[in-house]
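Novice: Would you mind keeping the following structure in view while I ask a few things?
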Amino acid sequence: MSATRGRGGNRLKAARLSPRDVAHVGSSGLRSRPMRVVLSALGIAIGIATMISVVGISASSQAQLLRELDKLGTNLLVASPGESMFAGEEVKLPEESVGMVGRIEGVQDVGATADLDATVRRTEKVDEDDTGGIAVKATTADLLRVLRGEVGSGGWLNAATGRYPSVVLGHVAAERLGITEPGRQVWLGDRYFTVVGILDPLPLAPEIERSALVGWEGAKRLLDFDGHPTSVYERSADAAVEDVRKVMAATVDPQNPQNVKVTDPSSALRAKAATEGAFSSLLLGLGGIALLVGGVGVANTMIISVLERRYEIGLRRSLGATRGQIRIQFVTESLMLSGLGGLAGVALGAAATGVYAQSGGLPWVVPLWAVGGGFGATLVIGTVAGLYPAVRASRLSPTLALHAA
């Protein structure tokens with residue numbers, strides 16, 4: 001330790017420590033006790049890893065939902081029968097509803113389905129009451145385009161197949177019937193229908209996933225369909241969604257618009273995306289507790305380090321080190337210890353998020369604010385945890401320290 005003579009005589013002034021010197025003396029204790037460093041940093045790492053992974057998994061799930069919303073669009077509206085003002089009265093949408101909705105300004109595509117009084121079973125030998133929760137619906141040819149759906153195997157109903165005993169199964173309906181490929185037959189109503197296609201999942205229309213769909217004209221010819229739609233789906237320009245919503249009920253049924261209910265299927269996905277991570281608060285709290293426990297471990301390690309290194313501290317004091325320099329040494333050591341745990345925790349949390357995202361087919365998202373906030377928290381905890389040991393070390397006098405050694 002170098003010193004300089006002051007103006008007033010023989011008074012010595014301690015040399016200032018450069019940042020490099022501070023880093024060197026601060027890391028000396030860590031280098032001499034690697035196993036203790038690993039165990040102490042582990043508590044910090046677990047806390048940060050928990051917090052990063054919870055935030056990352058939540059953000060990845062939310063990103064997947066938003067990606068799905070972008071793909072499916074938020075410009076889909078559905079009109080369906082509401083409740084009549086008169087109890088027990090059945091509400092039906094007019095037969096011309098589809099054409100009327102198609103004439104609304106801003107509407108791009110319109111399709112419709114209608115619930116049919118029929119059941120679908122694997123064979124006629126299956127009990128009629130054993131429906132498996134599968135509905136039978138008549139559908140217009142444009143429905144799939146409106147829903148932006150895709151046929152997983154086979155094909156969609158067209159002008160020809162829609163007039164004859166042909167059926168397209170929703171994703172869930174096919175699973176429940178045990179149908180894995182087109183060409184099979186199912187008992188629908190009072191005759192066999194040929195499965196011509198199986199749909200991929202439709203997140204915006206789960207009711208279609210659980211349905212057996214027959215052509216509009218075929219339903220009239222073969223299943224006594226009266227032509228009244230149950231649900232009218234329309235896809236409009238994004239800028240026109242609200243305008244269409246305002247006039248859709250009155251357009252569907254001008255005489256009784258109060259009997260028409262207009263819904264937005266994408267609202268459920270938007271709400272889910274908005275609330276994604278709400279249940280992560282508990283896990284974040286647990287991560288915070290683990291982080292505090294890790295901070296207590298760091299403080300305990302630093303106190304033990306001070307007790308074990310009294311000779312070193314006394315020697316430095318006797319060579320001219322000031323109390324401030326001793327405090328800086330031990331606070332730096334505590335910061336380095338916590339920082340190592342924080343870096344390890346960030347890496348572990350990001351890796352856990354990546355594994356979860358990869359296994360679930362989600363995008364890997366780790367918000368920068370979570371990384372920065374988590375690592376910043378470790379530095380704050382490291383500073384707080386090192387203050388008391390640093391102050392205690394700085395109060396050791398050279399004589400007492402050397403005598404204790």
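Ligands are numbered from 1 in the order shown, chains are lettered A, B, ... in the order of the structure tokens, and residues start at 1 in each chain.
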Quick one: everything within 7 Å of stretch 341-345 of chain A, counting only C-alpha atoms, minus sequence neighbours fewer than 6 positions away in the same chain. Send it as number ranges by chain.

Specialist: A: 41-42, 44-46, 48-49, 375, 378

Novice: Would you pick out the contacts of A:Leu76 at 7 Å or less, using only C-alpha atoms, so that residues sharing its chain but fewer than 5 positions from it are not included, and give the list as a PyMOL selection string?

Specialist: chain A and resi 234-236+264-265

Novice: Create the file for the chosen residues now, containing all heavy atoms and written as a PDB file, in the first residue's frame.

Specialist:
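Resulting contents of result01.pdb:
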```
ATOM      1  N   GLU A 234     -69.521 -13.860 -40.612  1.00  0.00           N
ATOM      2  CA  GLU A 234     -69.083 -12.913 -41.635  1.00  0.00           C
ATOM      3  C   GLU A 234     -67.681 -12.427 -41.315  1.00  0.00           C
ATOM      4  O   GLU A 234     -67.294 -12.268 -40.166  1.00  0.00           O
ATOM      5  CB  GLU A 234     -70.062 -11.730 -41.731  1.00  0.00           C
ATOM      6  CG  GLU A 234     -70.049 -10.773 -40.560  1.00  0.00           C
ATOM      7  CD  GLU A 234     -68.930  -9.744 -40.615  1.00  0.00           C
ATOM      8  OE1 GLU A 234     -68.469  -9.426 -41.718  1.00  0.00           O
ATOM      9  OE2 GLU A 234     -68.504  -9.287 -39.539  1.00  0.00           O
ATOM     10  N   ARG A 235     -66.920 -12.196 -42.376  1.00  0.00           N
ATOM     11  CA  ARG A 235     -65.565 -11.671 -42.269  1.00  0.00           C
ATOM     12  C   ARG A 235     -65.548 -10.336 -42.997  1.00  0.00           C
ATOM     13  O   ARG A 235     -65.890 -10.250 -44.179  1.00  0.00           O
ATOM     14  CB  ARG A 235     -64.578 -12.636 -42.903  1.00  0.00           C
ATOM     15  CG  ARG A 235     -63.141 -12.218 -42.816  1.00  0.00           C
ATOM     16  CD  ARG A 235     -62.518 -12.521 -41.477  1.00  0.00           C
ATOM     17  NE  ARG A 235     -62.412 -13.955 -41.211  1.00  0.00           N
ATOM     18  CZ  ARG A 235     -61.761 -14.464 -40.177  1.00  0.00           C
ATOM     19  NH1 ARG A 235     -61.175 -13.646 -39.307  1.00  0.00           N
ATOM     20  NH2 ARG A 235     -61.716 -15.763 -39.973  1.00  0.00           N
ATOM     21  N   SER A 236     -65.158  -9.271 -42.287  1.00  0.00           N
ATOM     22  CA  SER A 236     -65.171  -7.940 -42.882  1.00  0.00           C
ATOM     23  C   SER A 236     -63.785  -7.325 -42.812  1.00  0.00           C
ATOM     24  O   SER A 236     -62.871  -7.875 -42.195  1.00  0.00           O
ATOM     25  CB  SER A 236     -66.173  -7.036 -42.143  1.00  0.00           C
ATOM     26  OG  SER A 236     -65.861  -6.980 -40.762  1.00  0.00           O
ATOM     27  N   ASP A 264     -68.313 -11.891 -31.026  1.00  0.00           N
ATOM     28  CA  ASP A 264     -66.982 -11.828 -31.621  1.00  0.00           C
ATOM     29  C   ASP A 264     -66.172 -13.014 -31.094  1.00  0.00           C
ATOM     30  O   ASP A 264     -65.702 -12.988 -29.955  1.00  0.00           O
ATOM     31  CB  ASP A 264     -66.314 -10.506 -31.242  1.00  0.00           C
ATOM     32  CG  ASP A 264     -64.894 -10.409 -31.754  1.00  0.00           C
ATOM     33  OD1 ASP A 264     -64.454 -11.316 -32.472  1.00  0.00           O
ATOM     34  OD2 ASP A 264     -64.212  -9.410 -31.426  1.00  0.00           O
ATOM     35  N   PRO A 265     -65.987 -14.073 -31.886  1.00  0.00           N
ATOM     36  CA  PRO A 265     -65.283 -15.260 -31.397  1.00  0.00           C
ATOM     37  C   PRO A 265     -63.847 -14.994 -30.960  1.00  0.00           C
ATOM     38  O   PRO A 265     -63.318 -15.689 -30.102  1.00  0.00           O
ATOM     39  CB  PRO A 265     -65.315 -16.221 -32.597  1.00  0.00           C
ATOM     40  CG  PRO A 265     -66.433 -15.747 -33.445  1.00  0.00           C
ATOM     41  CD  PRO A 265     -66.472 -14.265 -33.261  1.00  0.00           C
TER      42      PRO A 265
END
```

Novice: For a test of reading the model, state the distance in Å between atom CA of A:Pro229 and atom CA of A:Ala114, rounded to one decimal.

Specialist: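 So the two atoms, atom CA of A:Pro229 and atom CA of A:Ala114, lie 4.5 Å apart.
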
Novice: I need the residues in stretch 149-232 of chain A that are strand (DSSP E) according to DSSP; give them as a PDB file with all heavy atoms, in the first residue's frame.

Specialist:
```pdb
ATOM      1  N   VAL A 151     -58.637 -28.022 -44.426  1.00  0.00           N
ATOM      2  CA  VAL A 151     -59.006 -29.432 -44.405  1.00  0.00           C
ATOM      3  C   VAL A 151     -57.746 -30.248 -44.164  1.00  0.00           C
ATOM      4  O   VAL A 151     -56.780 -30.159 -44.931  1.00  0.00           O
ATOM      5  CB  VAL A 151     -59.683 -29.849 -45.724  1.00  0.00           C
ATOM      6  CG1 VAL A 151     -60.044 -31.330 -45.680  1.00  0.00           C
ATOM      7  CG2 VAL A 151     -60.919 -29.004 -45.965  1.00  0.00           C
ATOM      8  N   GLY A 152     -57.750 -31.023 -43.078  1.00  0.00           N
ATOM      9  CA  GLY A 152     -56.576 -31.826 -42.767  1.00  0.00           C
ATOM     10  C   GLY A 152     -56.374 -32.958 -43.751  1.00  0.00           C
ATOM     11  O   GLY A 152     -55.252 -33.256 -44.158  1.00  0.00           O
ATOM     12  N   SER A 153     -57.437 -33.602 -44.139  1.00  0.00           N
ATOM     13  CA  SER A 153     -57.370 -34.683 -45.133  1.00  0.00           C
ATOM     14  C   SER A 153     -58.684 -34.722 -45.889  1.00  0.00           C
ATOM     15  O   SER A 153     -59.745 -34.403 -45.360  1.00  0.00           O
ATOM     16  CB  SER A 153     -57.104 -36.033 -44.452  1.00  0.00           C
ATOM     17  OG  SER A 153     -58.114 -36.335 -43.505  1.00  0.00           O
ATOM     18  N   GLY A 154     -58.606 -35.115 -47.160  1.00  0.00           N
ATOM     19  CA  GLY A 154     -59.802 -35.127 -47.985  1.00  0.00           C
ATOM     20  C   GLY A 154     -60.081 -33.770 -48.583  1.00  0.00           C
ATOM     21  O   GLY A 154     -59.171 -33.008 -48.907  1.00  0.00           O
ATOM     22  N   SER A 166     -72.941 -36.768 -48.278  1.00  0.00           N
ATOM     23  CA  SER A 166     -71.518 -36.551 -47.988  1.00  0.00           C
ATOM     24  C   SER A 166     -71.412 -35.716 -46.719  1.00  0.00           C
ATOM     25  O   SER A 166     -72.261 -34.848 -46.458  1.00  0.00           O
ATOM     26  CB  SER A 166     -70.834 -35.827 -49.148  1.00  0.00           C
ATOM     27  OG  SER A 166     -71.002 -36.558 -50.356  1.00  0.00           O
ATOM     28  N   VAL A 167     -70.368 -35.938 -45.963  1.00  0.00           N
ATOM     29  CA  VAL A 167     -70.202 -35.230 -44.700  1.00  0.00           C
ATOM     30  C   VAL A 167     -68.730 -34.912 -44.477  1.00  0.00           C
ATOM     31  O   VAL A 167     -67.841 -35.678 -44.855  1.00  0.00           O
ATOM     32  CB  VAL A 167     -70.751 -36.069 -43.518  1.00  0.00           C
ATOM     33  CG1 VAL A 167     -70.012 -37.395 -43.397  1.00  0.00           C
ATOM     34  CG2 VAL A 167     -70.676 -35.300 -42.203  1.00  0.00           C
ATOM     35  N   VAL A 168     -68.488 -33.737 -43.900  1.00  0.00           N
ATOM     36  CA  VAL A 168     -67.149 -33.339 -43.462  1.00  0.00           C
ATOM     37  C   VAL A 168     -67.167 -33.314 -41.942  1.00  0.00           C
ATOM     38  O   VAL A 168     -68.080 -32.725 -41.330  1.00  0.00           O
ATOM     39  CB  VAL A 168     -66.758 -31.958 -44.022  1.00  0.00           C
ATOM     40  CG1 VAL A 168     -65.465 -31.471 -43.385  1.00  0.00           C
ATOM     41  CG2 VAL A 168     -66.597 -32.030 -45.527  1.00  0.00           C
ATOM     42  N   LEU A 169     -66.176 -33.943 -41.333  1.00  0.00           N
ATOM     43  CA  LEU A 169     -66.127 -34.036 -39.876  1.00  0.00           C
ATOM     44  C   LEU A 169     -65.164 -33.007 -39.307  1.00  0.00           C
ATOM     45  O   LEU A 169     -64.062 -32.795 -39.841  1.00  0.00           O
ATOM     46  CB  LEU A 169     -65.684 -35.434 -39.442  1.00  0.00           C
ATOM     47  CG  LEU A 169     -66.581 -36.597 -39.852  1.00  0.00           C
ATOM     48  CD1 LEU A 169     -65.980 -37.912 -39.393  1.00  0.00           C
ATOM     49  CD2 LEU A 169     -67.990 -36.421 -39.287  1.00  0.00           C
ATOM     50  N   GLN A 185     -67.610 -44.461 -43.920  1.00  0.00           N
ATOM     51  CA  GLN A 185     -69.022 -44.075 -43.839  1.00  0.00           C
ATOM     52  C   GLN A 185     -69.474 -44.007 -42.390  1.00  0.00           C
ATOM     53  O   GLN A 185     -68.984 -44.744 -41.531  1.00  0.00           O
ATOM     54  CB  GLN A 185     -69.889 -45.059 -44.623  1.00  0.00           C
ATOM     55  CG  GLN A 185     -69.717 -44.973 -46.126  1.00  0.00           C
ATOM     56  CD  GLN A 185     -70.777 -45.752 -46.872  1.00  0.00           C
ATOM     57  OE1 GLN A 185     -71.141 -46.863 -46.488  1.00  0.00           O
ATOM     58  NE2 GLN A 185     -71.292 -45.171 -47.957  1.00  0.00           N
ATOM     59  N   VAL A 186     -70.418 -43.088 -42.145  1.00  0.00           N
ATOM     60  CA  VAL A 186     -71.014 -42.956 -40.813  1.00  0.00           C
ATOM     61  C   VAL A 186     -72.531 -42.947 -40.969  1.00  0.00           C
ATOM     62  O   VAL A 186     -73.063 -42.575 -42.027  1.00  0.00           O
ATOM     63  CB  VAL A 186     -70.544 -41.656 -40.109  1.00  0.00           C
ATOM     64  CG1 VAL A 186     -69.059 -41.717 -39.772  1.00  0.00           C
ATOM     65  CG2 VAL A 186     -70.846 -40.423 -40.968  1.00  0.00           C
ATOM     66  N   TRP A 187     -73.207 -43.377 -39.930  1.00  0.00           N
ATOM     67  CA  TRP A 187     -74.672 -43.396 -39.930  1.00  0.00           C
ATOM     68  C   TRP A 187     -75.173 -42.043 -39.456  1.00  0.00           C
ATOM     69  O   TRP A 187     -74.982 -41.657 -38.310  1.00  0.00           O
ATOM     70  CB  TRP A 187     -75.178 -44.510 -39.007  1.00  0.00           C
ATOM     71  CG  TRP A 187     -76.666 -44.697 -39.070  1.00  0.00           C
ATOM     72  CD1 TRP A 187     -77.575 -44.245 -38.155  1.00  0.00           C
ATOM     73  CD2 TRP A 187     -77.428 -45.397 -40.059  1.00  0.00           C
ATOM     74  NE1 TRP A 187     -78.840 -44.606 -38.511  1.00  0.00           N
ATOM     75  CE2 TRP A 187     -78.791 -45.324 -39.687  1.00  0.00           C
ATOM     76  CE3 TRP A 187     -77.093 -46.080 -41.227  1.00  0.00           C
ATOM     77  CZ2 TRP A 187     -79.805 -45.911 -40.423  1.00  0.00           C
ATOM     78  CZ3 TRP A 187     -78.109 -46.658 -41.971  1.00  0.00           C
ATOM     79  CH2 TRP A 187     -79.450 -46.575 -41.571  1.00  0.00           C
ATOM     80  N   LEU A 188     -75.805 -41.302 -40.358  1.00  0.00           N
ATOM     81  CA  LEU A 188     -76.256 -39.954 -40.062  1.00  0.00           C
ATOM     82  C   LEU A 188     -77.734 -39.856 -40.404  1.00  0.00           C
ATOM     83  O   LEU A 188     -78.130 -40.067 -41.562  1.00  0.00           O
ATOM     84  CB  LEU A 188     -75.447 -38.933 -40.860  1.00  0.00           C
ATOM     85  CG  LEU A 188     -75.491 -37.477 -40.405  1.00  0.00           C
ATOM     86  CD1 LEU A 188     -74.248 -36.731 -40.882  1.00  0.00           C
ATOM     87  CD2 LEU A 188     -76.740 -36.779 -40.901  1.00  0.00           C
ATOM     88  N   ARG A 191     -79.502 -42.870 -42.699  1.00  0.00           N
ATOM     89  CA  ARG A 191     -78.776 -43.479 -43.821  1.00  0.00           C
ATOM     90  C   ARG A 191     -77.275 -43.265 -43.606  1.00  0.00           C
ATOM     91  O   ARG A 191     -76.838 -42.499 -42.750  1.00  0.00           O
ATOM     92  CB  ARG A 191     -79.221 -42.868 -45.139  1.00  0.00           C
ATOM     93  CG  ARG A 191     -78.783 -41.412 -45.331  1.00  0.00           C
ATOM     94  CD  ARG A 191     -79.320 -40.838 -46.613  1.00  0.00           C
ATOM     95  NE  ARG A 191     -80.780 -40.717 -46.542  1.00  0.00           N
ATOM     96  CZ  ARG A 191     -81.556 -40.673 -47.610  1.00  0.00           C
ATOM     97  NH1 ARG A 191     -81.007 -40.751 -48.821  1.00  0.00           N
ATOM     98  NH2 ARG A 191     -82.864 -40.555 -47.499  1.00  0.00           N
ATOM     99  N   TYR A 192     -76.500 -43.957 -44.421  1.00  0.00           N
ATOM    100  CA  TYR A 192     -75.056 -43.795 -44.367  1.00  0.00           C
ATOM    101  C   TYR A 192     -74.617 -42.604 -45.210  1.00  0.00           C
ATOM    102  O   TYR A 192     -75.095 -42.411 -46.329  1.00  0.00           O
ATOM    103  CB  TYR A 192     -74.353 -45.065 -44.860  1.00  0.00           C
ATOM    104  CG  TYR A 192     -74.232 -46.131 -43.792  1.00  0.00           C
ATOM    105  CD1 TYR A 192     -75.084 -47.237 -43.784  1.00  0.00           C
ATOM    106  CD2 TYR A 192     -73.268 -46.020 -42.793  1.00  0.00           C
ATOM    107  CE1 TYR A 192     -74.970 -48.216 -42.806  1.00  0.00           C
ATOM    108  CE2 TYR A 192     -73.149 -46.994 -41.809  1.00  0.00           C
ATOM    109  CZ  TYR A 192     -74.002 -48.087 -41.819  1.00  0.00           C
ATOM    110  OH  TYR A 192     -73.889 -49.043 -40.839  1.00  0.00           O
ATOM    111  N   PHE A 193     -73.716 -41.811 -44.651  1.00  0.00           N
ATOM    112  CA  PHE A 193     -73.085 -40.703 -45.364  1.00  0.00           C
ATOM    113  C   PHE A 193     -71.594 -41.022 -45.510  1.00  0.00           C
ATOM    114  O   PHE A 193     -70.982 -41.590 -44.601  1.00  0.00           O
ATOM    115  CB  PHE A 193     -73.243 -39.384 -44.592  1.00  0.00           C
ATOM    116  CG  PHE A 193     -74.557 -38.692 -44.811  1.00  0.00           C
ATOM    117  CD1 PHE A 193     -75.754 -39.294 -44.439  1.00  0.00           C
ATOM    118  CD2 PHE A 193     -74.596 -37.419 -45.369  1.00  0.00           C
ATOM    119  CE1 PHE A 193     -76.965 -38.645 -44.618  1.00  0.00           C
ATOM    120  CE2 PHE A 193     -75.812 -36.758 -45.559  1.00  0.00           C
ATOM    121  CZ  PHE A 193     -76.997 -37.377 -45.187  1.00  0.00           C
ATOM    122  N   THR A 194     -71.022 -40.626 -46.615  1.00  0.00           N
ATOM    123  CA  THR A 194     -69.599 -40.847 -46.849  1.00  0.00           C
ATOM    124  C   THR A 194     -68.793 -39.655 -46.347  1.00  0.00           C
ATOM    125  O   THR A 194     -69.114 -38.500 -46.661  1.00  0.00           O
ATOM    126  CB  THR A 194     -69.323 -41.060 -48.343  1.00  0.00           C
ATOM    127  OG1 THR A 194     -70.069 -42.195 -48.805  1.00  0.00           O
ATOM    128  CG2 THR A 194     -67.836 -41.299 -48.599  1.00  0.00           C
ATOM    129  N   VAL A 195     -67.767 -39.928 -45.573  1.00  0.00           N
ATOM    130  CA  VAL A 195     -66.886 -38.865 -45.073  1.00  0.00           C
ATOM    131  C   VAL A 195     -65.962 -38.432 -46.207  1.00  0.00           C
ATOM    132  O   VAL A 195     -65.151 -39.220 -46.707  1.00  0.00           O
ATOM    133  CB  VAL A 195     -66.053 -39.358 -43.871  1.00  0.00           C
ATOM    134  CG1 VAL A 195     -65.082 -38.266 -43.414  1.00  0.00           C
ATOM    135  CG2 VAL A 195     -66.962 -39.791 -42.734  1.00  0.00           C
ATOM    136  N   VAL A 196     -66.072 -37.181 -46.625  1.00  0.00           N
ATOM    137  CA  VAL A 196     -65.248 -36.680 -47.726  1.00  0.00           C
ATOM    138  C   VAL A 196     -64.090 -35.821 -47.238  1.00  0.00           C
ATOM    139  O   VAL A 196     -63.189 -35.490 -48.010  1.00  0.00           O
ATOM    140  CB  VAL A 196     -66.100 -35.859 -48.725  1.00  0.00           C
ATOM    141  CG1 VAL A 196     -67.140 -36.747 -49.380  1.00  0.00           C
ATOM    142  CG2 VAL A 196     -66.749 -34.651 -48.045  1.00  0.00           C
ATOM    143  N   GLY A 197     -64.116 -35.432 -45.964  1.00  0.00           N
ATOM    144  CA  GLY A 197     -63.023 -34.609 -45.448  1.00  0.00           C
ATOM    145  C   GLY A 197     -63.034 -34.536 -43.932  1.00  0.00           C
ATOM    146  O   GLY A 197     -64.073 -34.739 -43.290  1.00  0.00           O
ATOM    147  N   ILE A 198     -61.851 -34.253 -43.364  1.00  0.00           N
ATOM    148  CA  ILE A 198     -61.692 -34.051 -41.927  1.00  0.00           C
ATOM    149  C   ILE A 198     -60.961 -32.729 -41.732  1.00  0.00           C
ATOM    150  O   ILE A 198     -59.891 -32.505 -42.325  1.00  0.00           O
ATOM    151  CB  ILE A 198     -60.896 -35.197 -41.274  1.00  0.00           C
ATOM    152  CG1 ILE A 198     -61.635 -36.525 -41.467  1.00  0.00           C
ATOM    153  CG2 ILE A 198     -60.665 -34.925 -39.796  1.00  0.00           C
ATOM    154  CD1 ILE A 198     -60.868 -37.738 -40.970  1.00  0.00           C
ATOM    155  N   LEU A 199     -61.523 -31.839 -40.924  1.00  0.00           N
ATOM    156  CA  LEU A 199     -60.972 -30.499 -40.743  1.00  0.00           C
ATOM    157  C   LEU A 199     -59.825 -30.482 -39.739  1.00  0.00           C
ATOM    158  O   LEU A 199     -59.769 -31.301 -38.822  1.00  0.00           O
ATOM    159  CB  LEU A 199     -62.063 -29.538 -40.274  1.00  0.00           C
ATOM    160  CG  LEU A 199     -63.268 -29.339 -41.183  1.00  0.00           C
ATOM    161  CD1 LEU A 199     -64.247 -28.362 -40.545  1.00  0.00           C
ATOM    162  CD2 LEU A 199     -62.830 -28.831 -42.551  1.00  0.00           C
ATOM    163  N   SER A 211     -68.583 -31.025 -34.779  1.00  0.00           N
ATOM    164  CA  SER A 211     -69.769 -31.197 -35.611  1.00  0.00           C
ATOM    165  C   SER A 211     -69.486 -32.063 -36.838  1.00  0.00           C
ATOM    166  O   SER A 211     -68.347 -32.176 -37.287  1.00  0.00           O
ATOM    167  CB  SER A 211     -70.290 -29.828 -36.083  1.00  0.00           C
ATOM    168  OG  SER A 211     -70.652 -29.013 -34.984  1.00  0.00           O
ATOM    169  N   ALA A 212     -70.575 -32.632 -37.337  1.00  0.00           N
ATOM    170  CA  ALA A 212     -70.575 -33.293 -38.643  1.00  0.00           C
ATOM    171  C   ALA A 212     -71.308 -32.365 -39.594  1.00  0.00           C
ATOM    172  O   ALA A 212     -72.473 -31.999 -39.358  1.00  0.00           O
ATOM    173  CB  ALA A 212     -71.262 -34.648 -38.556  1.00  0.00           C
ATOM    174  N   LEU A 213     -70.649 -31.943 -40.663  1.00  0.00           N
ATOM    175  CA  LEU A 213     -71.178 -30.917 -41.557  1.00  0.00           C
ATOM    176  C   LEU A 213     -71.647 -31.528 -42.869  1.00  0.00           C
ATOM    177  O   LEU A 213     -70.890 -32.255 -43.534  1.00  0.00           O
ATOM    178  CB  LEU A 213     -70.095 -29.869 -41.832  1.00  0.00           C
ATOM    179  CG  LEU A 213     -69.451 -29.228 -40.589  1.00  0.00           C
ATOM    180  CD1 LEU A 213     -68.252 -28.399 -40.990  1.00  0.00           C
ATOM    181  CD2 LEU A 213     -70.474 -28.375 -39.849  1.00  0.00           C
ATOM    182  N   VAL A 214     -72.880 -31.219 -43.227  1.00  0.00           N
ATOM    183  CA  VAL A 214     -73.427 -31.669 -44.509  1.00  0.00           C
ATOM    184  C   VAL A 214     -73.794 -30.442 -45.339  1.00  0.00           C
ATOM    185  O   VAL A 214     -73.974 -29.337 -44.801  1.00  0.00           O
ATOM    186  CB  VAL A 214     -74.667 -32.569 -44.308  1.00  0.00           C
ATOM    187  CG1 VAL A 214     -74.294 -33.812 -43.523  1.00  0.00           C
ATOM    188  CG2 VAL A 214     -75.787 -31.805 -43.591  1.00  0.00           C
ATOM    189  N   GLY A 215     -73.880 -30.606 -46.644  1.00  0.00           N
ATOM    190  CA  GLY A 215     -74.177 -29.487 -47.525  1.00  0.00           C
ATOM    191  C   GLY A 215     -75.565 -28.906 -47.285  1.00  0.00           C
ATOM    192  O   GLY A 215     -76.493 -29.597 -46.848  1.00  0.00           O
ATOM    193  N   SER A 231     -76.415 -20.004 -37.258  1.00  0.00           N
ATOM    194  CA  SER A 231     -75.304 -19.074 -37.065  1.00  0.00           C
ATOM    195  C   SER A 231     -74.878 -18.530 -38.416  1.00  0.00           C
ATOM    196  O   SER A 231     -74.691 -19.290 -39.368  1.00  0.00           O
ATOM    197  CB  SER A 231     -74.106 -19.761 -36.390  1.00  0.00           C
ATOM    198  OG  SER A 231     -74.457 -20.239 -35.105  1.00  0.00           O
ATOM    199  N   VAL A 232     -74.723 -17.198 -38.492  1.00  0.00           N
ATOM    200  CA  VAL A 232     -74.236 -16.551 -39.706  1.00  0.00           C
ATOM    201  C   VAL A 232     -72.864 -15.959 -39.388  1.00  0.00           C
ATOM    202  O   VAL A 232     -72.732 -15.101 -38.505  1.00  0.00           O
ATOM    203  CB  VAL A 232     -75.195 -15.446 -40.186  1.00  0.00           C
ATOM    204  CG1 VAL A 232     -74.626 -14.759 -41.436  1.00  0.00           C
ATOM    205  CG2 VAL A 232     -76.573 -16.024 -40.473  1.00  0.00           C
TER     206      VAL A 232
END
```

Novice: In Å, how far is it from atom CA of A:Ala390 to atom CA of A:Gly373?

Specialist: 25.1 Å

Novice: Apply DSSP to the backbone of this structure and, from stretch 204-317 of chain A, keep only the residues in helix (DSSP H, G or I); write these as a VMD selection string.

Specialist: chain A and resid 206 to 209 216 to 222 238 to 252 257 to 259 266 to 275 280 to 308 310 to 317

Novice: Which residues, written as a PDB file with C-alpha atoms, in the first residue's frame, have at least one atom at most 12 Å from A:Asp130, with only C-alpha atoms counted and residues fewer than 3 positions away on the same chain left out?

Specialist:
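Result saved to result_19.pdb:
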```pdb
ATOM      1  CA  THR A 119     -77.430 -37.685 -34.872  1.00  0.00           C
ATOM      2  CA  VAL A 120     -74.248 -39.143 -36.292  1.00  0.00           C
ATOM      3  CA  ARG A 121     -72.884 -42.523 -35.209  1.00  0.00           C
ATOM      4  CA  ARG A 122     -70.257 -44.966 -36.383  1.00  0.00           C
ATOM      5  CA  THR A 123     -72.936 -47.465 -37.473  1.00  0.00           C
ATOM      6  CA  GLU A 124     -76.696 -47.864 -37.138  1.00  0.00           C
ATOM      7  CA  LYS A 125     -76.048 -50.457 -34.435  1.00  0.00           C
ATOM      8  CA  VAL A 126     -74.778 -47.815 -32.004  1.00  0.00           C
ATOM      9  CA  ASP A 127     -77.400 -46.607 -29.528  1.00  0.00           C
ATOM     10  CA  GLY A 133     -71.511 -34.800 -28.012  1.00  0.00           C
ATOM     11  CA  ILE A 134     -71.300 -34.458 -31.810  1.00  0.00           C
ATOM     12  CA  ALA A 135     -73.750 -32.058 -33.450  1.00  0.00           C
ATOM     13  CA  ARG A 176     -64.746 -39.291 -31.207  1.00  0.00           C
ATOM     14  CA  LEU A 177     -66.060 -41.353 -34.110  1.00  0.00           C
TER      15      LEU A 177
END
```

Novice: Find the residues around A:Leu337 up to 12 Å (only C-alpha atoms counted), leave out those fewer than 4 positions away in its own chain, and share them as an MDAnalysis selection string.

Specialist: chainID A and resid 26:31 33:45 294:295 297:299 301:302 330:333 341:344 378:383 385:386

Novice: When you draw a straight line from atom CA of A:Tyr164 to atom CA of A:Glu90, how long is it in Å?

Specialist: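 Atom CA of A:Glu90 lies at a distance of 29.3 Å from atom CA of A:Tyr164.
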
Novice: Skip A:Glu83 itself and residues of its chain fewer than 4 positions away, then list as a list in words all residues within 8 Å of it, counting only C-alpha atoms.

Specialist: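 Surrounding residues, per the criterion: Val91, Asn259 and Val260 of chain A.
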
Novice: Select, from A:Lys261, A:Lys137, A:Arg148, A:Lys246, the residue with the minimum atom-to-atom distance to A:Ile208, counting only C-alpha atoms.

Specialist: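 Ranked by minimum distance to A:Ile208, first place goes to A:Lys137.
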
Novice: List as a ChimeraX atom specification the protein and nucleic acid residues near A:Thr139, meaning an atom at most 6 Å away when only C-alpha atoms are counted, but skip any in the same chain fewer than 5 places from it.

Specialist: /A:112-113,215-216

Novice: Find the residue from A:Val384, A:Ala347, A:Ala249, A:Val107 that sits nearest to A:Pro94; use only C-alpha atoms when measuring.

Specialist: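 So, comparing all the options, the nearest one is A:Ala249.
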
Novice: Determine, counting only C-alpha atoms, which protein, DNA and RNA residues have an atom within 7 Å of an atom of A:Glu209; residues of the same chain fewer than 4 positions away are not included. Present the result as a list of chain:residue names.

Specialist: A:Gly170, A:His171, A:Val172, A:Ala173, A:Pro201, A:Leu202, A:Ala205
